>>> print(open('final-v9.cif').read())   # mmCIF, C-alpha atoms, pLDDT in the B column; chains and numbers go by the auth columns
data_my_file
loop_
_atom_site.group_PDB
_atom_site.id
_atom_site.type_symbol
_atom_site.label_atom_id
_atom_site.label_comp_id
_atom_site.label_asym_id
_atom_site.label_seq_id
_atom_site.Cartn_x
_atom_site.Cartn_y
_atom_site.Cartn_z
_atom_site.B_iso_or_equiv
_atom_site.auth_seq_id
_atom_site.auth_asym_id
ATOM 1 C CA MET A 1 0.000 0.000 0.000 50.00 330 A
ATOM 2 C CA GLN A 2 1.345 3.428 -0.990 49.00 331 A
ATOM 3 C CA SER A 3 1.647 6.202 1.508 48.00 332 A
ATOM 4 C CA ALA A 4 -0.284 9.471 1.159 46.00 333 A
ATOM 5 C CA THR A 5 3.033 11.298 0.770 45.00 334 A
ATOM 6 C CA HIS A 6 4.044 9.097 -2.150 45.00 335 A
ATOM 7 C CA LYS A 7 0.666 9.608 -3.908 40.00 336 A
ATOM 8 C CA SER A 8 0.779 13.390 -3.472 39.00 337 A
ATOM 9 C CA SER A 9 4.344 13.508 -4.784 41.00 338 A
ATOM 10 C CA ARG A 10 3.136 11.812 -8.010 39.00 339 A
ATOM 11 C CA ILE A 11 0.008 13.954 -8.333 35.00 340 A
ATOM 12 C CA ARG A 12 1.729 17.298 -7.728 32.00 341 A
ATOM 13 C CA PRO A 13 3.769 17.207 -10.992 31.00 342 A
ATOM 14 C CA LEU A 14 0.639 16.209 -12.915 30.00 343 A
ATOM 15 C CA LEU A 15 -1.341 19.119 -11.469 27.00 344 A
ATOM 16 C CA LEU A 16 1.523 21.500 -12.181 28.00 345 A
ATOM 17 C CA ALA A 17 1.765 20.281 -15.785 29.00 346 A
ATOM 18 C CA LEU A 18 -1.992 20.591 -16.252 29.00 347 A
ATOM 19 C CA SER A 19 -2.126 24.102 -14.833 29.00 348 A
ATOM 20 C CA LEU A 20 0.835 25.221 -16.958 29.00 349 A
ATOM 21 C CA GLY A 21 -0.763 23.705 -20.037 31.00 350 A
ATOM 22 C CA LEU A 22 -3.971 25.612 -19.412 30.00 351 A
ATOM 23 C CA ALA A 23 -2.209 28.881 -18.573 30.00 352 A
ATOM 24 C CA ALA A 24 0.341 28.835 -21.428 29.00 353 A
ATOM 25 C CA PRO A 25 -1.987 30.194 -24.133 29.00 354 A
ATOM 26 C CA LEU A 26 -2.875 33.119 -21.878 28.00 355 A
ATOM 27 C CA ALA A 27 0.738 33.819 -20.977 28.00 356 A
ATOM 28 C CA LEU A 28 1.837 33.754 -24.607 29.00 357 A
ATOM 29 C CA ALA A 29 -0.906 36.040 -25.884 31.00 358 A
ATOM 30 C CA ALA A 30 0.364 39.454 -26.902 31.00 359 A
ATOM 31 C CA PRO A 31 -0.455 42.016 -24.206 33.00 360 A
ATOM 32 C CA GLY A 32 -3.331 44.290 -25.094 36.00 361 A
ATOM 33 C CA THR A 33 -4.471 42.273 -28.087 35.00 362 A
ATOM 34 C CA ALA A 34 -6.764 39.772 -26.438 37.00 363 A
ATOM 35 C CA ALA A 35 -10.305 41.013 -26.035 39.00 364 A
ATOM 36 C CA ALA A 36 -12.720 39.665 -23.477 39.00 365 A
ATOM 37 C CA PRO A 37 -15.260 37.211 -24.827 42.00 366 A
ATOM 38 C CA ALA A 38 -18.636 38.823 -25.470 41.00 367 A
ATOM 39 C CA SER A 39 -20.106 37.058 -22.462 43.00 368 A
ATOM 40 C CA GLN A 40 -17.532 38.751 -20.218 53.00 369 A
ATOM 41 C CA ALA A 41 -17.703 42.241 -21.748 61.00 370 A
ATOM 42 C CA GLN A 42 -19.143 44.623 -19.173 84.00 371 A
ATOM 43 C CA SER A 43 -19.284 47.947 -21.026 92.00 372 A
ATOM 44 C CA ASP A 44 -21.343 48.920 -24.036 93.00 373 A
ATOM 45 C CA ILE A 45 -19.826 50.051 -27.332 94.00 374 A
ATOM 46 C CA VAL A 46 -19.669 53.744 -26.374 94.00 375 A
ATOM 47 C CA ASP A 47 -18.086 53.177 -22.953 93.00 376 A
ATOM 48 C CA THR A 48 -15.653 50.623 -24.393 92.00 377 A
ATOM 49 C CA ALA A 49 -14.561 53.078 -27.082 92.00 378 A
ATOM 50 C CA VAL A 50 -14.165 55.945 -24.610 92.00 379 A
ATOM 51 C CA ALA A 51 -12.148 53.749 -22.222 92.00 380 A
ATOM 52 C CA ALA A 52 -9.766 52.797 -25.049 91.00 381 A
ATOM 53 C CA GLY A 53 -8.556 56.407 -25.203 90.00 382 A
ATOM 54 C CA GLN A 54 -8.050 56.515 -28.975 92.00 383 A
ATOM 55 C CA PHE A 55 -11.610 57.422 -30.005 94.00 384 A
ATOM 56 C CA ASN A 56 -12.087 60.889 -28.500 94.00 385 A
ATOM 57 C CA THR A 57 -13.113 62.439 -31.824 95.00 386 A
ATOM 58 C CA LEU A 58 -15.514 59.579 -32.532 95.00 387 A
ATOM 59 C CA ALA A 59 -17.062 59.985 -29.068 94.00 388 A
ATOM 60 C CA ALA A 60 -17.496 63.744 -29.602 94.00 389 A
ATOM 61 C CA ALA A 61 -19.052 63.103 -33.018 95.00 390 A
ATOM 62 C CA LEU A 62 -21.469 60.505 -31.605 95.00 391 A
ATOM 63 C CA LYS A 63 -22.548 63.020 -28.978 94.00 392 A
ATOM 64 C CA ALA A 64 -22.999 65.822 -31.551 94.00 393 A
ATOM 65 C CA ALA A 65 -25.028 63.480 -33.770 95.00 394 A
ATOM 66 C CA GLY A 66 -27.249 62.328 -30.911 94.00 395 A
ATOM 67 C CA LEU A 67 -26.211 58.685 -31.420 94.00 396 A
ATOM 68 C CA VAL A 68 -24.767 57.923 -27.982 94.00 397 A
ATOM 69 C CA ASP A 69 -28.021 56.491 -26.592 93.00 398 A
ATOM 70 C CA THR A 70 -28.516 54.360 -29.706 93.00 399 A
ATOM 71 C CA LEU A 71 -25.069 52.778 -29.426 93.00 400 A
ATOM 72 C CA LYS A 72 -25.590 52.265 -25.702 94.00 401 A
ATOM 73 C CA GLY A 73 -28.762 50.313 -26.555 93.00 402 A
ATOM 74 C CA ASP A 74 -29.247 46.569 -26.784 92.00 403 A
ATOM 75 C CA GLY A 75 -27.805 46.123 -30.268 91.00 404 A
ATOM 76 C CA PRO A 76 -26.028 44.068 -31.168 97.00 405 A
ATOM 77 C CA PHE A 77 -23.859 46.300 -33.337 96.00 406 A
ATOM 78 C CA THR A 78 -20.604 45.934 -35.197 97.00 407 A
ATOM 79 C CA VAL A 79 -18.748 49.242 -35.316 97.00 408 A
ATOM 80 C CA PHE A 80 -15.823 49.931 -37.619 97.00 409 A
ATOM 81 C CA ALA A 81 -14.321 52.630 -35.413 97.00 410 A
ATOM 82 C CA PRO A 82 -11.860 55.162 -36.832 97.00 411 A
ATOM 83 C CA THR A 83 -9.158 56.304 -34.437 96.00 412 A
ATOM 84 C CA ASP A 84 -8.397 59.896 -33.539 96.00 413 A
ATOM 85 C CA ALA A 85 -5.491 59.665 -36.013 96.00 414 A
ATOM 86 C CA ALA A 86 -7.941 58.661 -38.762 96.00 415 A
ATOM 87 C CA PHE A 87 -10.058 61.743 -38.081 95.00 416 A
ATOM 88 C CA ALA A 88 -6.913 63.906 -37.968 95.00 417 A
ATOM 89 C CA ALA A 89 -5.983 62.650 -41.448 96.00 418 A
ATOM 90 C CA LEU A 90 -9.143 64.182 -42.958 95.00 419 A
ATOM 91 C CA PRO A 91 -8.714 67.474 -44.819 94.00 420 A
ATOM 92 C CA ALA A 92 -8.346 70.475 -42.518 95.00 421 A
ATOM 93 C CA GLY A 93 -11.672 71.724 -41.178 94.00 422 A
ATOM 94 C CA THR A 94 -13.655 68.600 -42.082 94.00 423 A
ATOM 95 C CA VAL A 95 -14.284 67.446 -38.516 95.00 424 A
ATOM 96 C CA ASP A 96 -15.117 70.943 -37.262 94.00 425 A
ATOM 97 C CA ASN A 97 -17.538 71.382 -40.154 94.00 426 A
ATOM 98 C CA LEU A 98 -19.236 68.039 -39.509 94.00 427 A
ATOM 99 C CA LEU A 99 -19.660 68.870 -35.812 94.00 428 A
ATOM 100 C CA LYS A 100 -21.656 72.038 -36.551 95.00 429 A
ATOM 101 C CA PRO A 101 -25.348 71.699 -35.602 94.00 430 A
ATOM 102 C CA GLU A 102 -26.457 72.625 -39.117 96.00 431 A
ATOM 103 C CA ASN A 103 -24.509 69.630 -40.505 95.00 432 A
ATOM 104 C CA ARG A 104 -25.987 67.058 -38.118 95.00 433 A
ATOM 105 C CA ASP A 105 -27.667 65.029 -40.897 95.00 434 A
ATOM 106 C CA GLN A 106 -24.373 64.713 -42.761 95.00 435 A
ATOM 107 C CA LEU A 107 -22.595 63.715 -39.539 96.00 436 A
ATOM 108 C CA VAL A 108 -25.247 61.074 -38.793 96.00 437 A
ATOM 109 C CA ALA A 109 -24.819 59.690 -42.338 96.00 438 A
ATOM 110 C CA VAL A 110 -21.041 59.421 -41.883 96.00 439 A
ATOM 111 C CA LEU A 111 -21.257 57.813 -38.444 96.00 440 A
ATOM 112 C CA THR A 112 -23.996 55.319 -39.312 96.00 441 A
ATOM 113 C CA TYR A 113 -21.877 54.298 -42.313 97.00 442 A
ATOM 114 C CA HIS A 114 -19.492 52.783 -39.730 97.00 443 A
ATOM 115 C CA VAL A 115 -22.161 50.635 -38.038 97.00 444 A
ATOM 116 C CA VAL A 116 -23.451 47.259 -39.202 97.00 445 A
ATOM 117 C CA PRO A 117 -26.406 45.650 -37.434 97.00 446 A
ATOM 118 C CA GLY A 118 -25.544 42.423 -35.593 96.00 447 A
ATOM 119 C CA ARG A 119 -22.420 41.075 -33.922 97.00 448 A
ATOM 120 C CA HIS A 120 -19.832 40.232 -36.594 97.00 449 A
ATOM 121 C CA PRO A 121 -16.526 39.031 -35.123 96.00 450 A
ATOM 122 C CA ALA A 122 -13.367 39.180 -37.232 94.00 451 A
ATOM 123 C CA ALA A 123 -13.655 35.563 -38.375 93.00 452 A
ATOM 124 C CA LYS A 124 -17.073 36.323 -39.850 95.00 453 A
ATOM 125 C CA VAL A 125 -16.070 39.703 -41.329 95.00 454 A
ATOM 126 C CA ALA A 126 -13.055 38.117 -43.051 92.00 455 A
ATOM 127 C CA GLY A 127 -15.440 35.812 -44.923 93.00 456 A
ATOM 128 C CA MET A 128 -17.726 38.612 -46.110 95.00 457 A
ATOM 129 C CA ASP A 129 -17.494 40.539 -49.387 96.00 458 A
ATOM 130 C CA GLU A 130 -19.916 43.245 -48.327 96.00 459 A
ATOM 131 C CA ALA A 131 -21.897 44.417 -45.316 96.00 460 A
ATOM 132 C CA THR A 132 -24.940 46.675 -45.229 96.00 461 A
ATOM 133 C CA THR A 133 -24.616 49.530 -42.762 96.00 462 A
ATOM 134 C CA VAL A 134 -27.258 51.073 -40.527 95.00 463 A
ATOM 135 C CA ASN A 135 -27.619 53.934 -43.011 93.00 464 A
ATOM 136 C CA GLY A 136 -28.473 51.439 -45.771 95.00 465 A
ATOM 137 C CA ALA A 137 -25.279 51.749 -47.792 96.00 466 A
ATOM 138 C CA GLY A 138 -22.966 48.837 -48.452 95.00 467 A
ATOM 139 C CA LEU A 139 -19.349 48.480 -47.376 96.00 468 A
ATOM 140 C CA ASP A 140 -16.905 46.521 -49.522 96.00 469 A
ATOM 141 C CA ILE A 141 -14.856 44.069 -47.450 96.00 470 A
ATOM 142 C CA ALA A 142 -11.673 42.340 -48.577 96.00 471 A
ATOM 143 C CA ALA A 143 -9.455 39.855 -46.760 94.00 472 A
ATOM 144 C CA THR A 144 -6.065 39.125 -48.280 91.00 473 A
ATOM 145 C CA GLY A 145 -2.862 37.875 -46.721 87.00 474 A
ATOM 146 C CA GLY A 146 -4.245 38.016 -43.199 85.00 475 A
ATOM 147 C CA ALA A 147 -5.263 41.664 -43.512 92.00 476 A
ATOM 148 C CA VAL A 148 -8.852 42.891 -43.697 95.00 477 A
ATOM 149 C CA THR A 149 -9.972 46.126 -45.297 95.00 478 A
ATOM 150 C CA VAL A 150 -13.385 47.718 -45.091 97.00 479 A
ATOM 151 C CA GLN A 151 -14.137 50.193 -47.854 95.00 480 A
ATOM 152 C CA GLY A 152 -10.365 50.615 -48.221 94.00 481 A
ATOM 153 C CA ALA A 153 -9.730 51.210 -44.517 97.00 482 A
ATOM 154 C CA ARG A 154 -7.377 48.747 -42.858 97.00 483 A
ATOM 155 C CA VAL A 155 -8.562 46.936 -39.736 97.00 484 A
ATOM 156 C CA LEU A 156 -5.886 47.716 -37.139 96.00 485 A
ATOM 157 C CA GLN A 157 -7.401 45.764 -34.264 95.00 486 A
ATOM 158 C CA ALA A 158 -10.316 43.352 -34.416 95.00 487 A
ATOM 159 C CA ASP A 159 -12.755 41.968 -31.897 95.00 488 A
ATOM 160 C CA VAL A 160 -12.816 44.608 -29.190 95.00 489 A
ATOM 161 C CA ASN A 161 -15.855 43.131 -27.471 95.00 490 A
ATOM 162 C CA ALA A 162 -18.567 45.131 -25.793 95.00 491 A
ATOM 163 C CA SER A 163 -21.718 44.049 -24.010 95.00 492 A
ATOM 164 C CA ASN A 164 -23.853 45.055 -27.004 96.00 493 A
ATOM 165 C CA GLY A 165 -21.569 44.271 -29.929 96.00 494 A
ATOM 166 C CA VAL A 166 -18.045 44.355 -31.226 96.00 495 A
ATOM 167 C CA ILE A 167 -15.646 47.074 -32.373 96.00 496 A
ATOM 168 C CA HIS A 168 -13.097 46.704 -35.153 97.00 497 A
ATOM 169 C CA VAL A 169 -10.567 49.562 -35.117 97.00 498 A
ATOM 170 C CA ILE A 170 -9.865 51.064 -38.560 97.00 499 A
ATOM 171 C CA ASP A 171 -7.312 53.532 -39.899 97.00 500 A
ATOM 172 C CA LYS A 172 -9.617 55.769 -41.991 97.00 501 A
ATOM 173 C CA VAL A 173 -12.912 57.560 -41.649 97.00 502 A
ATOM 174 C CA LEU A 174 -15.440 56.015 -44.021 96.00 503 A
ATOM 175 C CA VAL A 175 -17.409 58.550 -46.041 93.00 504 A
ATOM 176 C CA PRO A 176 -20.582 57.456 -47.846 92.00 505 A
ATOM 177 C CA GLY A 177 -20.397 57.808 -51.613 85.00 506 A
ATOM 178 C CA SER A 178 -16.622 58.138 -51.780 76.00 507 A
#
>>> encode(input="final-v9.cif", output="structure tokens")
Amino acid sequence: MQSATHKSSRIRPLLLALSLGLAAPLALAAPGTAAAPASQAQSDIVDTAVAAGQFNTLAAALKAAGLVDTLKGDGPFTVFAPTDAAFAALPAGTVDNLLKPENRDQLVAVLTYHVVPGRHPAAKVAGMDEATTVNGAGLDIAATGGAVTVQGARVLQADVNASNGVIHVIDKVLVPGS
């Protein structure tokens, strides 16, 4: 009959190996690139974008357009979110002009051109040729060599999960009809 000490000395290495095997994928993941699964996402699309710190212009535009409450709603939504750098790359004065109250309809058209109804993670988007936006216009989608573009904008980071959808970070502002 084996002693309890002998049994525990054989089990301990097995438990250690099992725990390392389960933890290794998490330890090897690149920091900042893993997004929480949708079931664990606590914040909605707007709060998730604001917390990221790179969507200040988008947040201001959503507020000016009166779309904050919509994107805080149940969804689900897929948002192709341009960064502050993407907005800065627009011709001088474009953002200021769009934010004027008299241009609200144009701003709403631009912003809703970035939103697709439903939750479309990167794996699904990569298999699509086109997606219809909330404003009714279509976006051309291409996936080549591991890179995905949406209407010519490159997806910089995919699958930023929110409680009511998913955000894919893009490097350009999408303008309907261009």
>>> resolve_selection(input="final-v9.cif", expression="the PyMOL selection byres ((chain A and resi 496) around 9)", output="MDAnalysis selection string")
chainID A and resid 374 377:378 406:410 450 486:491 494:495 497:498
>>> residues_near_point(input="final-v9.cif", point="(-11.4, 54.0, -37.6)", cutoff="10 Å", atoms="only C-alpha atoms", output="ChimeraX atom specification")
/A:383-384,387,408-416,443,479,482-486,496-503
>>> residues_around(input="final-v9.cif", residues="Val463 (chain A)", least_positions_apart="3", cutoff="6 Å", atoms="all atoms listed in the file", output="PDB file with C-alpha atoms, in the coordinates of the input")
ATOM      1  CA  THR A 441     -23.996  55.319 -39.312  1.00 96.00           C
ATOM      2  CA  VAL A 444     -22.161  50.635 -38.038  1.00 97.00           C
ATOM      3  CA  VAL A 445     -23.451  47.259 -39.202  1.00 97.00           C
TER       4      VAL A 445
END
>>> atom_distance(input="final-v9.cif", atom1="CA of Asn426 (chain A)", atom2="CA of Val439 (chain A)")
12.6 Å
>>> residues_around(input="final-v9.cif", residues="Gln480 (chain A)", least_positions_apart="4", cutoff="7 Å", atoms="all atoms listed in the file", output="number ranges by chain")
A: 468-470
>>> atom_distance(input="final-v9.cif", atom1="CA of Tyr442 (chain A)", atom2="CA of Thr462 (chain A)")
5.5 Å
>>> residues_around(input="final-v9.cif", residues="Val424 (chain A)", least_positions_apart="4", cutoff="10 Å", atoms="only C-alpha atoms", output="PDB file with C-alpha atoms, in the coordinates of the input")
ATOM      1  CA  THR A 386     -13.113  62.439 -31.824  1.00 95.00           C
ATOM      2  CA  LEU A 387     -15.514  59.579 -32.532  1.00 95.00           C
ATOM      3  CA  ALA A 390     -19.052  63.103 -33.018  1.00 95.00           C
ATOM      4  CA  PHE A 416     -10.058  61.743 -38.081  1.00 95.00           C
ATOM      5  CA  ALA A 417      -6.913  63.906 -37.968  1.00 95.00           C
ATOM      6  CA  LEU A 419      -9.143  64.182 -42.958  1.00 95.00           C
ATOM      7  CA  PRO A 420      -8.714  67.474 -44.819  1.00 94.00           C
ATOM      8  CA  LEU A 428     -19.660  68.870 -35.812  1.00 94.00           C
ATOM      9  CA  LYS A 429     -21.656  72.038 -36.551  1.00 95.00           C
ATOM     10  CA  LEU A 436     -22.595  63.715 -39.539  1.00 96.00           C
TER      11      LEU A 436
END
>>> atom_distance(input="final-v9.cif", atom1="CA of Val454 (chain A)", atom2="CA of Gly467 (chain A)")
13.5 Å
>>> resolve_selection(input="final-v9.cif", expression="the PyMOL selection byres ((chain A and resi 447) around 6)", output="PDB file with C-alpha atoms, keeping the file's coordinate frame")
ATOM      1  CA  PRO A 405     -26.028  44.068 -31.168  1.00 97.00           C
ATOM      2  CA  PHE A 406     -23.859  46.300 -33.337  1.00 96.00           C
ATOM      3  CA  PRO A 446     -26.406  45.650 -37.434  1.00 97.00           C
ATOM      4  CA  ARG A 448     -22.420  41.075 -33.922  1.00 97.00           C
TER       5      ARG A 448
END
